[in-house]
>>> print(open('final_17.cif').read())   # mmCIF, C-alpha atoms
data_structure
#
loop_
_atom_site.label_atom_id
_atom_site.label_comp_id
_atom_site.auth_asym_id
_atom_site.auth_seq_id
_atom_site.Cartn_x
_atom_site.Cartn_y
_atom_site.Cartn_z
CA MET A 1 -34.73 2.72 35.03
CA ARG A 2 -35.63 -0.57 36.64
CA ARG A 3 -33.72 -2.60 34.09
CA GLN A 4 -30.69 -0.42 34.51
CA ALA A 5 -30.88 -0.82 38.26
CA SER A 6 -31.03 -4.59 38.14
CA CYS A 7 -27.94 -4.88 35.94
CA LEU A 8 -26.09 -2.43 38.13
CA LEU A 9 -27.06 -4.39 41.17
CA ASP A 10 -25.47 -7.67 40.20
CA PRO A 11 -24.21 -8.71 43.63
CA LEU A 12 -21.14 -10.30 42.06
CA LYS A 13 -20.06 -7.02 40.53
CA PRO A 14 -19.78 -4.28 43.14
CA VAL A 15 -20.18 -0.76 41.80
CA HIS A 16 -17.02 1.22 42.29
CA VAL A 17 -17.71 4.88 42.85
CA PRO A 18 -15.12 6.86 40.85
CA ILE A 19 -12.76 8.77 43.13
CA LEU A 20 -11.02 11.80 41.64
CA LYS A 21 -7.95 13.44 43.09
CA GLN A 22 -8.15 17.21 43.21
CA GLY A 23 -5.02 18.62 44.81
CA GLY A 24 -5.04 17.54 48.43
CA TYR A 25 -8.66 16.45 48.25
CA LEU A 26 -10.50 13.41 46.98
CA ILE A 27 -13.87 13.72 45.30
CA ALA A 28 -16.15 10.66 45.20
CA THR A 29 -19.21 11.28 43.07
CA ILE A 30 -21.82 8.58 43.45
CA GLN A 31 -23.10 7.78 39.94
CA SER A 32 -26.04 5.47 40.59
CA VAL A 33 -28.22 4.17 43.35
CA LEU A 34 -25.96 2.08 45.57
CA SER A 35 -26.62 -1.15 47.38
CA ASP A 36 -25.28 -1.74 50.86
CA ALA A 37 -22.25 -3.63 49.53
CA ASP A 38 -21.38 -0.76 47.19
CA LEU A 39 -21.42 1.71 50.08
CA LEU A 40 -19.05 -0.49 52.04
CA GLN A 41 -16.85 -0.76 48.93
CA LEU A 42 -16.75 3.04 48.76
CA ARG A 43 -15.68 3.18 52.39
CA ASP A 44 -12.79 0.78 51.78
CA ASP A 45 -11.75 2.51 48.55
CA LEU A 46 -11.67 5.92 50.26
CA ALA A 47 -9.65 4.60 53.19
CA ASP A 48 -7.07 3.25 50.72
CA ARG A 49 -6.88 6.39 48.58
CA VAL A 50 -6.55 8.76 51.52
CA GLY A 51 -3.38 6.90 52.42
CA GLN A 52 -2.18 6.57 48.85
CA PHE A 53 -2.60 10.27 47.99
CA ARG A 54 -2.08 11.64 51.49
CA SER A 55 -5.35 13.53 51.16
CA ARG A 56 -6.51 16.03 53.78
CA GLY A 57 -10.11 16.22 52.69
CA VAL A 58 -12.76 14.05 51.05
CA ILE A 59 -15.96 15.13 49.34
CA ILE A 60 -18.70 12.53 48.87
CA ASP A 61 -21.33 13.70 46.39
CA VAL A 62 -24.64 11.93 47.07
CA THR A 63 -26.80 13.99 44.68
CA VAL A 64 -28.13 10.90 42.87
CA LEU A 65 -29.11 8.92 45.97
CA ASP A 66 -32.89 8.43 45.98
CA VAL A 67 -33.04 7.52 49.64
CA ILE A 68 -30.58 7.81 52.50
CA ASP A 69 -31.90 5.31 54.99
CA SER A 70 -30.59 4.23 58.38
CA PHE A 71 -27.95 1.95 56.89
CA ALA A 72 -26.65 4.58 54.46
CA THR A 73 -26.59 7.19 57.24
CA ARG A 74 -24.68 4.89 59.54
CA THR A 75 -22.23 3.99 56.78
CA LEU A 76 -21.62 7.61 55.74
CA ARG A 77 -21.08 8.57 59.36
CA GLY A 78 -18.69 5.65 59.77
CA VAL A 79 -16.77 6.64 56.63
CA ALA A 80 -16.38 10.21 57.88
CA HIS A 81 -15.21 9.15 61.31
CA MET A 82 -12.84 6.57 59.91
CA LEU A 83 -11.30 9.04 57.46
CA LYS A 84 -10.95 11.55 60.29
CA LEU A 85 -8.81 9.01 62.09
CA ARG A 86 -6.74 8.77 58.90
CA GLY A 87 -6.28 12.54 58.99
CA ALA A 88 -8.83 13.62 56.41
CA ASP A 89 -11.98 15.71 56.83
CA THR A 90 -15.10 14.50 55.05
CA VAL A 91 -17.93 16.56 53.68
CA ILE A 92 -21.14 15.07 52.28
CA VAL A 93 -22.62 17.17 49.51
CA GLY A 94 -25.80 17.11 47.43
CA ILE A 95 -28.42 15.65 49.78
CA GLN A 96 -31.67 16.36 47.95
CA PRO A 97 -34.52 18.20 49.74
CA ASP A 98 -36.89 15.19 49.74
CA VAL A 99 -34.12 12.89 50.89
CA ALA A 100 -33.26 15.29 53.71
CA PHE A 101 -36.93 15.49 54.71
CA ALA A 102 -37.25 11.70 54.84
CA MET A 103 -34.07 11.53 56.92
CA VAL A 104 -35.54 14.01 59.40
CA GLN A 105 -38.76 11.98 59.57
CA LEU A 106 -36.70 8.87 60.27
CA GLY A 107 -34.82 10.73 62.99
CA LEU A 108 -31.52 10.26 61.15
CA THR A 109 -28.71 12.76 61.58
CA LEU A 110 -25.22 13.09 60.19
CA GLU A 111 -23.93 14.49 63.45
CA GLY A 112 -20.22 15.03 63.44
CA VAL A 113 -20.06 14.90 59.65
CA GLY A 114 -19.57 17.98 57.49
CA THR A 115 -22.35 18.67 55.00
CA ALA A 116 -22.58 21.24 52.22
CA LEU A 117 -25.05 22.13 49.51
CA ASP A 118 -23.00 21.08 46.51
CA LEU A 119 -19.49 20.36 45.25
CA GLU A 120 -18.51 24.03 45.20
CA GLU A 121 -19.61 24.58 48.78
CA GLY A 122 -17.94 21.33 49.76
CA LEU A 123 -14.60 22.56 48.43
CA ALA A 124 -15.08 25.87 50.24
CA PHE A 125 -15.85 23.94 53.43
CA LEU A 126 -12.61 21.96 53.20
CA ASN A 127 -10.57 25.02 52.30
CA ALA A 128 -11.95 26.91 55.28
CA LYS A 129 -11.24 23.95 57.50
CA ALA A 130 -7.65 23.71 56.24
CA LYS A 131 -7.12 27.42 56.77
CA ARG A 132 -8.40 27.30 60.33
CA GLY A 133 -6.31 24.29 61.13
CA GLY A 134 -3.21 26.13 59.97
CA VAL A 135 -2.72 23.56 57.26
CA VAL A 136 -2.02 24.71 53.74
CA ALA A 137 -4.35 22.79 51.49
CA ARG A 138 -2.52 21.39 48.53
CA THR A 139 -5.17 22.34 46.07
CA GLY A 140 -5.69 24.83 43.33
CA GLY A 141 -9.33 24.01 42.67
CA ALA A 142 -12.20 26.38 42.01
CA GLY A 143 -13.12 26.28 45.66
CA SER A 144 -9.87 27.87 46.76
CA ARG A 145 -10.82 31.11 45.02
CA ARG A 146 -13.93 31.44 47.13
CA SER A 147 -13.98 33.48 50.26
CA PRO A 148 -13.99 31.35 53.40
CA PRO A 149 -17.48 30.59 54.66
CA GLY A 150 -18.79 31.84 57.96
CA PRO A 151 -19.62 30.40 61.36
CA PRO A 152 -22.24 27.75 60.40
CA TYR A 153 -19.48 25.52 59.02
CA ASP A 154 -17.39 26.18 62.06
CA SER A 155 -19.95 24.99 64.58
CA GLN A 156 -20.67 21.90 62.49
CA VAL A 157 -17.04 20.93 62.40
CA LYS A 158 -16.42 21.55 66.08
CA ARG A 159 -19.38 19.44 67.05
CA GLY A 160 -17.84 16.65 64.99
CA GLY A 161 -14.66 16.71 66.99
CA SER A 162 -16.41 16.04 70.27
CA ARG A 163 -18.48 13.06 69.13
CA ARG A 164 -17.32 9.48 69.42
CA MET B 1 -61.68 -1.99 50.33
CA SER B 2 -60.58 -3.16 46.93
CA THR B 3 -57.22 -3.05 45.31
CA PHE B 4 -56.08 -1.81 41.94
CA ASN B 5 -55.06 -4.42 39.46
CA GLU B 6 -51.40 -3.83 39.97
CA GLU B 7 -49.78 -5.78 42.74
CA TYR B 8 -46.04 -6.09 42.75
CA SER B 9 -44.15 -8.63 44.74
CA VAL B 10 -40.45 -8.12 45.24
CA PRO B 11 -38.58 -11.07 46.76
CA ILE B 12 -36.09 -9.94 49.39
CA LYS B 13 -33.12 -12.27 49.63
CA SER B 14 -30.14 -9.96 49.75
CA ALA B 15 -29.29 -6.32 50.38
CA ALA B 16 -29.40 -5.64 46.63
CA ASP B 17 -33.14 -6.44 46.61
CA ILE B 18 -33.76 -3.55 49.02
CA VAL B 19 -32.92 -1.09 46.26
CA VAL B 20 -35.19 -2.89 43.77
CA ALA B 21 -38.09 -2.84 46.26
CA ARG B 22 -37.82 0.85 47.02
CA GLN B 23 -37.46 1.79 43.36
CA LYS B 24 -40.60 -0.18 42.49
CA GLY B 25 -42.34 1.43 45.46
CA ARG B 26 -41.38 4.90 44.32
CA ALA B 27 -42.49 4.19 40.75
CA LEU B 28 -45.87 2.86 41.95
CA ALA B 29 -46.34 5.80 44.34
CA ILE B 30 -45.83 8.28 41.50
CA GLN B 31 -48.18 6.26 39.29
CA LEU B 32 -50.83 6.37 42.05
CA GLY B 33 -50.65 10.15 42.22
CA PHE B 34 -48.33 10.80 45.16
CA ASN B 35 -46.32 13.95 44.69
CA GLY B 36 -43.89 16.23 46.44
CA SER B 37 -41.79 14.40 48.97
CA ASP B 38 -44.28 11.52 49.44
CA PRO B 39 -42.66 9.09 46.93
CA THR B 40 -39.34 9.53 48.74
CA MET B 41 -41.02 8.96 52.13
CA ILE B 42 -42.60 5.76 50.82
CA ALA B 43 -39.30 4.61 49.30
CA ALA B 44 -37.50 5.28 52.58
CA ALA B 45 -40.11 3.34 54.57
CA ILE B 46 -39.82 0.41 52.14
CA SER B 47 -36.05 0.55 52.49
CA GLU B 48 -36.28 0.23 56.26
CA VAL B 49 -38.76 -2.67 56.36
CA ALA B 50 -36.89 -4.47 53.56
CA ARG B 51 -33.66 -4.06 55.49
CA ASN B 52 -35.38 -5.59 58.48
CA ILE B 53 -36.04 -8.71 56.41
CA VAL B 54 -32.43 -8.92 55.22
CA ASN B 55 -30.99 -8.39 58.70
CA HIS B 56 -33.25 -10.70 60.66
CA ALA B 57 -34.98 -13.16 58.38
CA LYS B 58 -32.78 -13.48 55.27
CA ASN B 59 -35.78 -14.39 53.17
CA GLY B 60 -39.07 -12.64 52.55
CA GLU B 61 -40.99 -10.41 50.20
CA ILE B 62 -42.39 -6.93 49.82
CA VAL B 63 -45.84 -6.71 48.24
CA LEU B 64 -46.84 -3.31 46.86
CA SER B 65 -50.36 -2.45 45.81
CA GLY B 66 -52.66 0.46 45.16
CA ILE B 67 -55.63 0.71 47.54
CA HIS B 68 -58.73 2.85 47.80
CA ASP B 69 -61.82 3.30 49.89
CA SER B 70 -64.84 5.52 49.24
CA ARG B 71 -63.01 8.78 49.94
CA ARG B 72 -59.38 8.34 49.10
CA HIS B 73 -56.70 6.21 47.53
CA GLY B 74 -53.18 5.30 48.42
CA ILE B 75 -50.49 2.68 48.56
CA GLN B 76 -50.10 -0.42 50.68
CA VAL B 77 -46.76 -1.98 51.48
CA VAL B 78 -46.67 -5.40 53.07
CA ALA B 79 -43.35 -6.84 54.21
CA ARG B 80 -43.54 -10.53 54.95
CA ASP B 81 -40.88 -12.94 56.12
CA ASP B 82 -40.60 -16.42 57.56
CA GLY B 83 -37.77 -15.52 59.89
CA PRO B 84 -37.38 -16.04 63.62
CA GLY B 85 -40.07 -13.52 64.54
CA ILE B 86 -39.86 -10.72 67.09
CA PRO B 87 -40.28 -11.85 70.72
CA ASN B 88 -41.17 -8.37 71.98
CA VAL B 89 -42.85 -6.22 69.34
CA ASP B 90 -43.35 -3.24 71.68
CA GLN B 91 -39.63 -3.16 72.36
CA ALA B 92 -38.81 -3.47 68.65
CA MET B 93 -41.03 -0.44 67.99
CA GLN B 94 -39.12 1.70 70.49
CA TYR B 95 -36.91 4.24 68.83
CA GLY B 96 -33.26 3.40 69.33
CA PHE B 97 -33.83 -0.19 70.39
CA SER B 98 -31.87 -2.66 68.32
CA SER B 99 -31.36 -6.36 68.80
CA ASN B 100 -28.20 -6.39 66.71
CA LYS B 101 -25.84 -3.94 65.06
CA GLY B 102 -28.54 -1.66 63.66
CA MET B 103 -29.50 1.78 64.84
CA GLY B 104 -32.95 0.85 66.09
CA VAL B 105 -34.43 3.37 63.70
CA GLY B 106 -35.94 1.12 61.05
CA LEU B 107 -39.37 0.06 62.26
CA PRO B 108 -40.33 3.14 64.29
CA GLY B 109 -38.94 5.33 61.49
CA ALA B 110 -41.05 3.54 58.88
CA LYS B 111 -44.12 4.09 61.09
CA TRP B 112 -43.49 7.84 61.15
CA LEU B 113 -43.10 7.98 57.38
CA MET B 114 -46.42 6.28 56.66
CA ASP B 115 -50.03 7.00 57.70
CA GLU B 116 -50.92 3.54 58.98
CA PHE B 117 -48.64 0.89 60.37
CA ASP B 118 -49.37 -2.58 61.65
CA ILE B 119 -46.94 -5.26 62.74
CA GLN B 120 -47.67 -8.86 63.59
CA SER B 121 -44.99 -11.29 64.59
CA GLN B 122 -44.93 -14.85 65.80
CA VAL B 123 -41.77 -16.31 67.25
CA GLY B 124 -40.56 -19.14 65.04
CA LYS B 125 -43.01 -18.29 62.25
CA GLY B 126 -42.19 -14.85 60.96
CA THR B 127 -43.16 -11.22 60.81
CA ARG B 128 -45.66 -9.26 58.76
CA VAL B 129 -45.51 -5.49 58.57
CA SER B 130 -48.34 -3.72 56.79
CA MET B 131 -48.12 0.01 56.03
CA ARG B 132 -50.39 2.41 54.21
CA LYS B 133 -50.12 5.93 53.01
CA TRP B 134 -52.95 7.93 51.50
CA VAL B 135 -52.70 10.52 48.77
CA SER B 136 -53.35 13.83 50.52
#
>>> encode(input="final_17.cif", output="structure tokens")
Amino acid sequence: MRRQASCLLDPLKPVHVPILKQGGYLIATIQSVLSDADLLQLRDDLADRVGQFRSRGVIIDVTVLDVIDSFATRTLRGVAHMLKLRGADTVIVGIQPDVAFAMVQLGLTLEGVGTALDLEEGLAFLNAKAKRGGVVARTGGAGSRRSPPGPPYDSQVKRGGSRR
Amino acid sequence: MSTFNEEYSVPIKSAADIVVARQKGRALAIQLGFNGSDPTMIAAAISEVARNIVNHAKNGEIVLSGIHDSRRHGIQVVARDDGPGIPNVDQAMQYGFSSNKGMGVGLPGAKWLMDEFDIQSQVGKGTRVSMRKWVS
């Protein structure tokens, strides 16, 4: 694991997180532990793709992240707010229980950023958001067959609008 | 107080080293018998103090070791740098205080994650943060 990490962390070769297009949404699934530079690379890549594909929603899957520290939190929050300004909603999915606990202990919050349990819930979150906004999501993914989720998502999203 | 044989030093020169340090810390914590969410807590604390080195000092090291006394055992994390030092340590330990672009969460956050926390800093010489967590 350590050897793998060191070769992935060659500072000259930034890790590009693969970004998949799924209808009107983009899905970025983080594949390995990321350094600070890789997170910033992801931010720039997403900003580009949202424009390129005219995406309305972005899902960032952080299931594999071992730690979400203050820098990662700040970066994820920045990505979400930046993409919002580009017209796309962001939802962070897959924060592991231990990682969430450590974030709470550190006093870190993802205020103003959508969060969901996993990819499926993330898609449902974006679909519900699109429906409420009167925007027809250009997607035919698995998430669109789900019934729209209830108020918890709603309050989270509204809080996001008032911050910053 | 004596230490286990293992003592790992991770040089911290760039942001990429932060990940190496916290992965080694997590691996050692598991090896020392930490379970549940403790290895993640330790890794997160290492991440914050290592980031402190990168942001303020550019050059330093994280030394990880197993420790024990008569009743218990645990892990010790020492973050050392030869950077500019912290003029006002009390202020740096205040939650939300940041001297640059950070969130001001790092050092106080690391203190909350660990059982013992000690910071010594001399302006112009550097900073040494020592943290311990015991297996509960």
>>> interface_residues(input="final_17.cif", of="chain B", to="chain A", cutoff="9 Å", atoms="all atoms listed in the file", output="MDAnalysis selection string")
chainID B and resid 14:20 22:24 36:45 47:48 51 95 102:106 108:113
>>> atom_distance(input="final_17.cif", atom1="atom CA of Ala88 of chain A", atom2="atom CA of Ile19 of chain A")
14.7 Å
>>> atom_distance(input="final_17.cif", atom1="atom CA of Gly83 of chain B", atom2="atom CA of Pro11 of chain B")
13.9 Å
>>> residues_around(input="final_17.cif", residues="Ala57 of chain B", least_positions_apart="2", cutoff="12 Å", atoms="all atoms listed in the file", output="MDAnalysis selection string")
chainID B and resid 12:15 49:55 59:61 79:86 121 123:128
>>> resolve_selection(input="final_17.cif", expression="the PyMOL selection byres ((chain A and resi 91) around 7)", output="PDB file with C-alpha atoms, in the coordinates of the input")
ATOM      1  CA  VAL A  58     -12.760  14.050  51.050  1.00  0.00           C
ATOM      2  CA  ILE A  59     -15.960  15.130  49.340  1.00  0.00           C
ATOM      3  CA  ILE A  60     -18.700  12.530  48.870  1.00  0.00           C
ATOM      4  CA  ASP A  89     -11.980  15.710  56.830  1.00  0.00           C
ATOM      5  CA  THR A  90     -15.100  14.500  55.050  1.00  0.00           C
ATOM      6  CA  ILE A  92     -21.140  15.070  52.280  1.00  0.00           C
ATOM      7  CA  VAL A  93     -22.620  17.170  49.510  1.00  0.00           C
ATOM      8  CA  VAL A 113     -20.060  14.900  59.650  1.00  0.00           C
ATOM      9  CA  GLY A 114     -19.570  17.980  57.490  1.00  0.00           C
ATOM     10  CA  THR A 115     -22.350  18.670  55.000  1.00  0.00           C
ATOM     11  CA  ALA A 116     -22.580  21.240  52.220  1.00  0.00           C
ATOM     12  CA  GLY A 122     -17.940  21.330  49.760  1.00  0.00           C
TER      13      GLY A 122
END
>>> closest_residue(input="final_17.cif", among="A:Ile95, A:Asp48, A:Ser55, A:Lys84", to="Ile30 of chain A", atoms="all atoms listed in the file")
A:Ile95
>>> residues_around(input="final_17.cif", residues="Thr63 of chain A", least_positions_apart="2", cutoff="6 Å", atoms="all atoms listed in the file", output="list in words")
Asp61, Leu65, Gly94 and Ile95 of chain A
>>> atom_distance(input="final_17.cif", atom1="atom CA of Gly112 of chain A", atom2="atom CA of Ser32 of chain A")
25.4 Å
